[in-house]
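Engineer: Following this message is one structure expressed as structure tokens.
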Amino acid sequence: MSGISENDLRTLEQKGISREKVNAQIETFKEGIPFVDLEKAAIVGDGISKFSSADEADLIKTFEESKNNLSLLKFVPASGAASRMFKALFNFLDAYDPSEESMAAYIDRTGDSAMKQFSQHRQNFPFYDLVQNRISGEANSDDEEVYLFVKELLSDNALNYGFYPKGLLPFHKYGEHTATPFEEHLKEGANYAKSAGRAMLHFTISEQHTQLFSTEYNTVWERVSAATDTAFDVDYSYQKASTDTIAVNMDNTPFRNEDGSLLFRPGGHGALIENLNEQDTDIIFIKNIDNVVVPENTAAVTHSKKVLAGLLMKMQKKTFAYAKLLEAHQVSDAHLGEIKDFLEENLNVRFSNTYDSLTTENKVKVLKDKINRPIRICGMVKNEGEPGGGPFWIKDANGNVSLQIIESAQIDTADDAQMGILKNATHFNPVDLVCGVRDFQGKKYNLLNFVDHKQGFITAKTKDGKDLKALELPGLWNGGMAFWNTLFVEVASATFNPVKTVNDLLKLSHQVS
């Protein structure tokens with residue numbers, strides 16, 4: 001980076017970012033990030049496992065028999081603000097004046113189907129009673145009441161829900177009280193991430209929301225603890241400033257703010273690999289903050305998580321045994337073939353065409369490299385049109401084939417062959433992972449060693465009216481885990497209930513019966 005000033009150096013030092021890292025990021029902008037090369041979609045029987053009821057029962061038994069001797073953690077990315085969830089409502093406040101037109105006229109004029117659904121079914125939202133009590137008697141018509149309802153919900157001098165982290169909004173209505181996603185995750189943790197009566201949960205949050213989360217925990221923990229007979233250990237971390245990425249102008253020179261300072265932007269959820277790397281437990285469950293269920297689906301979620309955890313334990317048992325043999329150099333040619341078959345058939349590992357011609361010594365090196373990696377078991381639901389990533393077999397620049405979660409933004413939409421593969425995808429990634437991050441000696445892997453830095457994203461943004469390019473780090477469960485050993489497992493659709501817009505709370509999967 002040329003033209004660096006003393007002030008720039010101080011900024012880098014304060015953020016914990018090296019000059020070398022900035023230079024590398026600028027080179028990434030110059031070179032661009034290539035699209036992934038999809039070989040084929042992962043499907044059941046070819047990259048995705050589907051278990052019988054008997055197999056699932058055996059895997060759950062494996063988990064249940066050992067869990068009290070293991071340290072378990074539920075890791076929940078929870079820093080997202082709710083502003084995008086209420087986008088349609090913010091637009092409505094800007095565009096609608098109840099003194100000038102009716103709601104019917106507004107909807108006819110704008111075609112705002114989201115607002116039509118919201119207004120017609122607002123009594124089914126978990127926050128309805130709270131908002132309605134605050135605006136009681138203020139409206140002169142039903143149309144004005146809708147407007148005041150939305151205004152009370154979002155205004156910064158009222159409930160200000162647009163500012164709140166999504167994890168602290170009312171999601172589910174239980175008689176006299178409502179439950180936030182944070183509370184629902186505590187309940188879930190008690191069901192499958194509890195060891196010896198204690199559940200550990202880690203939430204990655206925005207630092208500005210620390211007090212809000214702390215207050216929520218103090219409000220609900222006693223109720224949840226009594227209902228689930230569980231003691232909780234809850235802690236938080238923040239996305240590190242050192243994971244911010246530099247922004248550049250369209251000519252790839254560093255973008256500067258109006259005061260001349262360098263502009264850095266958050267690196268996206270891929271930055272959380274740093275937070276995950278600081279967790280040192282035997283099994284880590286990962287699930288997004290907005291994917292929670294009402295009681296009727298709790299059993300399905302618990303069942304699914306235990307199946308995935310049991311599969312992880314089964315795979316680790318064999319993996320560790322083989323890793324010990326390789327480390328002790330106690331392997332015959334028959335052992336080498338057995339280990340290679342295990343990696344291919346059970347952990348979806350692929351080998352180069354030159355492997356068979358290697359010396360025994362070099363085969364051992366390859367096998368040690370392939371087997372000594374963290375393991376992720378990823379639940380996959382049938383694709384029903386949700387936006388997001390999915391499971392694919394991909395080929396890297398060196399011709400190596402691996403099983404990965406790929407986002408549509410990583411795919412060349414101008415390539416008919418690649419789009420054909422995308423359209424053949426049968427499953428969707430709901431961010432439902434169970435991870436093993438320790439090796440056969442019980443030492444935690446350095447997860448930063450297993451990131452594919454070529455799977456980031458370059459996006460177009462604006463600042464102060466000027467165009468710029470921003471860099472997002474490889475996604476946490478995409479390139480952030482690219483070099484892990486990976487298994488995909490079909491799980492029930494009932495386990496996946498995200499809330500991307502406020503109207504998603506109207507779905508039956510979020511209505512407490």
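Chains: A, B, ... in order of the structure tokens. Residues: from 1 per chain. Ligands: from 1, in order shown.
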So that I can see what lies close to segment 330-343 of chain A, please list as a PyMOL selection string the residues with an atom at most 8 Å from it, counting only C-alpha atoms and leaving out residues fewer than 3 positions away in the same chain.
Structural biologist: chain A and resi 322+325-327+346-350+360+363-364+367+370-371
Engineer: Taking the backbone alone, and naming residues the way the document does, which bits of segment 315-355 of chain A are alpha helix (DSSP H) by DSSP, as a ChimeraX atom specification?
Structural biologist: /A:315-327,333-346
Engineer: Could those residues be written to a file, using N, CA, C and O atoms, as a JSON list (two decimals), in the first residue's frame?
Structural biologist:
[["chain", "number", "residue", "atom", "x", "y", "z"],
["A", 315, "MET", "N", -17.71, -40.98, 13.73],
["A", 315, "MET", "CA", -16.63, -40.69, 12.78],
["A", 315, "MET", "C", -15.32, -40.38, 13.51],
["A", 315, "MET", "O", -14.24, -40.80, 13.08],
["A", 316, "GLN", "N", -15.42, -39.65, 14.62],
["A", 316, "GLN", "CA", -14.20, -39.33, 15.37],
["A", 316, "GLN", "C", -13.53, -40.59, 15.92],
["A", 316, "GLN", "O", -12.30, -40.70, 15.93],
["A", 317, "LYS", "N", -14.33, -41.53, 16.39],
["A", 317, "LYS", "CA", -13.77, -42.74, 16.96],
["A", 317, "LYS", "C", -12.88, -43.46, 15.96],
["A", 317, "LYS", "O", -11.73, -43.85, 16.27],
["A", 318, "LYS", "N", -13.36, -43.60, 14.73],
["A", 318, "LYS", "CA", -12.56, -44.26, 13.71],
["A", 318, "LYS", "C", -11.40, -43.37, 13.25],
["A", 318, "LYS", "O", -10.28, -43.84, 13.04],
["A", 319, "THR", "N", -11.69, -42.11, 13.07],
["A", 319, "THR", "CA", -10.66, -41.16, 12.62],
["A", 319, "THR", "C", -9.49, -41.14, 13.58],
["A", 319, "THR", "O", -8.32, -41.19, 13.17],
["A", 320, "PHE", "N", -9.78, -41.05, 14.87],
["A", 320, "PHE", "CA", -8.72, -40.98, 15.87],
["A", 320, "PHE", "C", -7.90, -42.27, 15.90],
["A", 320, "PHE", "O", -6.67, -42.25, 16.06],
["A", 321, "ALA", "N", -8.57, -43.42, 15.75],
["A", 321, "ALA", "CA", -7.86, -44.70, 15.76],
["A", 321, "ALA", "C", -6.88, -44.76, 14.58],
["A", 321, "ALA", "O", -5.72, -45.17, 14.74],
["A", 322, "TYR", "N", -7.34, -44.35, 13.40],
["A", 322, "TYR", "CA", -6.46, -44.37, 12.23],
["A", 322, "TYR", "C", -5.35, -43.34, 12.36],
["A", 322, "TYR", "O", -4.20, -43.59, 11.96],
["A", 323, "ALA", "N", -5.67, -42.17, 12.90],
["A", 323, "ALA", "CA", -4.64, -41.13, 13.07],
["A", 323, "ALA", "C", -3.53, -41.60, 14.00],
["A", 323, "ALA", "O", -2.35, -41.31, 13.79],
["A", 324, "LYS", "N", -3.90, -42.33, 15.04],
["A", 324, "LYS", "CA", -2.90, -42.88, 15.97],
["A", 324, "LYS", "C", -1.99, -43.88, 15.27],
["A", 324, "LYS", "O", -0.77, -43.89, 15.47],
["A", 325, "LEU", "N", -2.58, -44.74, 14.44],
["A", 325, "LEU", "CA", -1.77, -45.70, 13.68],
["A", 325, "LEU", "C", -0.77, -44.99, 12.78],
["A", 325, "LEU", "O", 0.41, -45.35, 12.71],
["A", 326, "LEU", "N", -1.26, -43.98, 12.08],
["A", 326, "LEU", "CA", -0.38, -43.23, 11.17],
["A", 326, "LEU", "C", 0.73, -42.52, 11.94],
["A", 326, "LEU", "O", 1.89, -42.50, 11.50],
["A", 327, "GLU", "N", 0.40, -41.96, 13.08],
["A", 327, "GLU", "CA", 1.39, -41.23, 13.87],
["A", 327, "GLU", "C", 2.46, -42.18, 14.41],
["A", 327, "GLU", "O", 3.63, -41.81, 14.50],
["A", 333, "ASP", "N", 0.54, -51.90, 4.09],
["A", 333, "ASP", "CA", -0.13, -51.48, 2.86],
["A", 333, "ASP", "C", -1.64, -51.70, 2.96],
["A", 333, "ASP", "O", -2.44, -50.91, 2.44],
["A", 334, "ALA", "N", -2.02, -52.79, 3.64],
["A", 334, "ALA", "CA", -3.44, -53.07, 3.84],
["A", 334, "ALA", "C", -4.09, -51.99, 4.67],
["A", 334, "ALA", "O", -5.22, -51.54, 4.39],
["A", 335, "HIS", "N", -3.36, -51.53, 5.72],
["A", 335, "HIS", "CA", -3.88, -50.44, 6.55],
["A", 335, "HIS", "C", -4.06, -49.16, 5.71],
["A", 335, "HIS", "O", -5.06, -48.45, 5.85],
["A", 336, "LEU", "N", -3.07, -48.89, 4.86],
["A", 336, "LEU", "CA", -3.15, -47.67, 4.04],
["A", 336, "LEU", "C", -4.39, -47.71, 3.16],
["A", 336, "LEU", "O", -5.11, -46.71, 3.03],
["A", 337, "GLY", "N", -4.66, -48.86, 2.57],
["A", 337, "GLY", "CA", -5.85, -48.99, 1.74],
["A", 337, "GLY", "C", -7.13, -48.85, 2.54],
["A", 337, "GLY", "O", -8.10, -48.22, 2.10],
["A", 338, "GLU", "N", -7.12, -49.40, 3.74],
["A", 338, "GLU", "CA", -8.29, -49.32, 4.62],
["A", 338, "GLU", "C", -8.57, -47.89, 5.03],
["A", 338, "GLU", "O", -9.72, -47.43, 5.04],
["A", 339, "ILE", "N", -7.51, -47.15, 5.36],
["A", 339, "ILE", "CA", -7.67, -45.75, 5.78],
["A", 339, "ILE", "C", -8.17, -44.90, 4.61],
["A", 339, "ILE", "O", -9.05, -44.05, 4.76],
["A", 340, "LYS", "N", -7.59, -45.14, 3.44],
["A", 340, "LYS", "CA", -8.02, -44.38, 2.25],
["A", 340, "LYS", "C", -9.49, -44.66, 1.95],
["A", 340, "LYS", "O", -10.26, -43.73, 1.68],
["A", 341, "ASP", "N", -9.90, -45.91, 2.04],
["A", 341, "ASP", "CA", -11.30, -46.26, 1.79],
["A", 341, "ASP", "C", -12.21, -45.58, 2.80],
["A", 341, "ASP", "O", -13.30, -45.08, 2.45],
["A", 342, "PHE", "N", -11.78, -45.56, 4.07],
["A", 342, "PHE", "CA", -12.59, -44.90, 5.11],
["A", 342, "PHE", "C", -12.76, -43.42, 4.80],
["A", 342, "PHE", "O", -13.88, -42.87, 4.89],
["A", 343, "LEU", "N", -11.68, -42.76, 4.43],
["A", 343, "LEU", "CA", -11.75, -41.33, 4.13],
["A", 343, "LEU", "C", -12.67, -41.06, 2.95],
["A", 343, "LEU", "O", -13.48, -40.12, 2.97],
["A", 344, "GLU", "N", -12.58, -41.88, 1.93],
["A", 344, "GLU", "CA", -13.41, -41.67, 0.74],
["A", 344, "GLU", "C", -14.88, -41.97, 1.00],
["A", 344, "GLU", "O", -15.76, -41.20, 0.61],
["A", 345, "GLU", "N", -15.13, -43.09, 1.66],
["A", 345, "GLU", "CA", -16.50, -43.57, 1.81],
["A", 345, "GLU", "C", -17.25, -42.92, 2.96],
["A", 345, "GLU", "O", -18.48, -42.80, 2.92],
["A", 346, "ASN", "N", -16.53, -42.47, 3.98],
["A", 346, "ASN", "CA", -17.19, -41.94, 5.17],
["A", 346, "ASN", "C", -17.02, -40.44, 5.35],
["A", 346, "ASN", "O", -17.92, -39.79, 5.90]]
Engineer: Tell me, as a VMD selection string, which residues lie within 10 Å of Thr495 of chain A, counting only C-alpha atoms; anything in the same chain fewer than 2 positions away does not count.
Structural biologist: chain A and resid 291 to 293 297 to 305 379 to 381 430 432 491 to 493 497 to 498 509
Engineer: Do a neighbour search on segment 476-490 of chain A at 9 Å with only C-alpha atoms, toss out local chain neighbours closer than 3 positions, and write the hits as a ChimeraX atom specification.
Structural biologist: /A:42,44,47-51,268-273,308,312,343,346-349,370-382,389,391,402-407,427,431,433,447-456,473
Engineer: Find the residues near Leu169 of chain A: any atom within 10 Å, counting only C-alpha atoms, skip ones fewer than 2 places away on the same chain, and give them as a ChimeraX atom specification.
Structural biologist: /A:82,126-127,161-162,164-167,171-172,178-182,290
Engineer: Between atom CA of Ile289 of chain A and atom CA of Pro77 of chain A, measure the distance and give it in Å to one decimal.
Structural biologist: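 Straight-line distance from atom CA of Ile289 of chain A to atom CA of Pro77 of chain A works out to 6.1 Å.
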Engineer: Using only C-alpha atoms, which residue out of A:Gly260, A:Gly399, A:Gly442, A:Gly420 lies closest to Ile283 of chain A?
Structural biologist: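 Residue with the minimum atom-to-atom distance to Ile283 of chain A: A:Gly442.
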Engineer: Tell me which of A:Ala54, A:Leu471, A:Leu186, A:Ala309 sits closest to Arg265 of chain A, counting only C-alpha atoms.
Structural biologist: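 Going through A:Ala54, A:Leu471, A:Leu186, A:Ala309 one by one, the smallest distance to Arg265 of chain A is for A:Leu471.
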Engineer: Just how far from atom CA of His209 of chain A is atom CA of Leu130 of chain A, in Å to one decimal?
Structural biologist: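 Distance between the two atoms: 21.8 Å.
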Engineer: Might you pull out every residue within 10 Å of Met250 of chain A, with only C-alpha atoms counted and same-chain residues fewer than 2 positions away left off, and present them as a list in words?
Structural biologist: Phe29, Lys30, Ala247, Val248, Asn252, Thr253, Pro254, Phe255, Ala460, Lys466, Asp467, Leu468 and Lys469 of chain A
Engineer: Restricting the calculation to only C-alpha atoms: of A:Leu262, A:Ala425, A:Met419, A:Ile284, which residue gets closest to Ser5 of chain A?
Structural biologist: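 With only C-alpha atoms as the atom set, the closest residue is A:Leu262.
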Engineer: Just asking: which residues within segment 190-381 of chain A are strand (DSSP E or B) according to DSSP, as a PDB file with C-alpha atoms, in the first residue's frame?
Structural biologist:
ATOM      1  CA  LYS A 194     -26.438 -30.272  28.063  1.00  0.00           C
ATOM      2  CA  SER A 195     -23.750 -32.300  29.785  1.00  0.00           C
ATOM      3  CA  ARG A 198     -25.190 -27.907  32.550  1.00  0.00           C
ATOM      4  CA  ALA A 199     -25.563 -26.236  29.161  1.00  0.00           C
ATOM      5  CA  MET A 200     -22.949 -23.866  27.756  1.00  0.00           C
ATOM      6  CA  LEU A 201     -23.956 -21.312  25.136  1.00  0.00           C
ATOM      7  CA  HIS A 202     -21.820 -18.746  23.365  1.00  0.00           C
ATOM      8  CA  PHE A 203     -23.391 -15.844  21.457  1.00  0.00           C
ATOM      9  CA  THR A 204     -21.440 -13.616  19.085  1.00  0.00           C
ATOM     10  CA  ALA A 231     -27.856 -24.781  34.836  1.00  0.00           C
ATOM     11  CA  PHE A 232     -26.570 -22.395  32.174  1.00  0.00           C
ATOM     12  CA  ASP A 233     -23.174 -20.938  31.371  1.00  0.00           C
ATOM     13  CA  VAL A 234     -23.668 -18.137  28.857  1.00  0.00           C
ATOM     14  CA  ASP A 235     -20.964 -15.918  27.456  1.00  0.00           C
ATOM     15  CA  TYR A 236     -20.480 -13.519  24.551  1.00  0.00           C
ATOM     16  CA  SER A 237     -17.866 -12.332  22.123  1.00  0.00           C
ATOM     17  CA  THR A 245     -11.223  -5.411   5.681  1.00  0.00           C
ATOM     18  CA  ILE A 246     -10.006  -2.375   3.801  1.00  0.00           C
ATOM     19  CA  VAL A 248     -10.900   0.406  -2.107  1.00  0.00           C
ATOM     20  CA  PRO A 254      -7.433   2.530  -0.703  1.00  0.00           C
ATOM     21  CA  ARG A 256     -10.442   7.316   2.167  1.00  0.00           C
ATOM     22  CA  LEU A 262      -8.742   4.781   5.634  1.00  0.00           C
ATOM     23  CA  PHE A 264     -12.399  -0.389   6.925  1.00  0.00           C
ATOM     24  CA  ARG A 265     -15.569  -2.450   6.881  1.00  0.00           C
ATOM     25  CA  ILE A 283     -18.544 -30.850  20.448  1.00  0.00           C
ATOM     26  CA  ILE A 284     -19.813 -27.503  19.137  1.00  0.00           C
ATOM     27  CA  PHE A 285     -23.354 -27.060  17.805  1.00  0.00           C
ATOM     28  CA  ILE A 286     -23.777 -24.068  15.463  1.00  0.00           C
ATOM     29  CA  LYS A 287     -27.142 -22.544  14.627  1.00  0.00           C
ATOM     30  CA  ILE A 375     -14.867 -32.467  11.252  1.00  0.00           C
ATOM     31  CA  ARG A 376     -18.177 -30.769  10.498  1.00  0.00           C
ATOM     32  CA  ILE A 377     -21.472 -32.618  10.235  1.00  0.00           C
ATOM     33  CA  CYS A 378     -23.927 -30.381   8.389  1.00  0.00           C
ATOM     34  CA  GLY A 379     -27.687 -30.819   8.376  1.00  0.00           C
ATOM     35  CA  MET A 380     -29.289 -30.225   4.962  1.00  0.00           C
ATOM     36  CA  VAL A 381     -32.972 -29.670   4.281  1.00  0.00           C
TER      37      VAL A 381
END
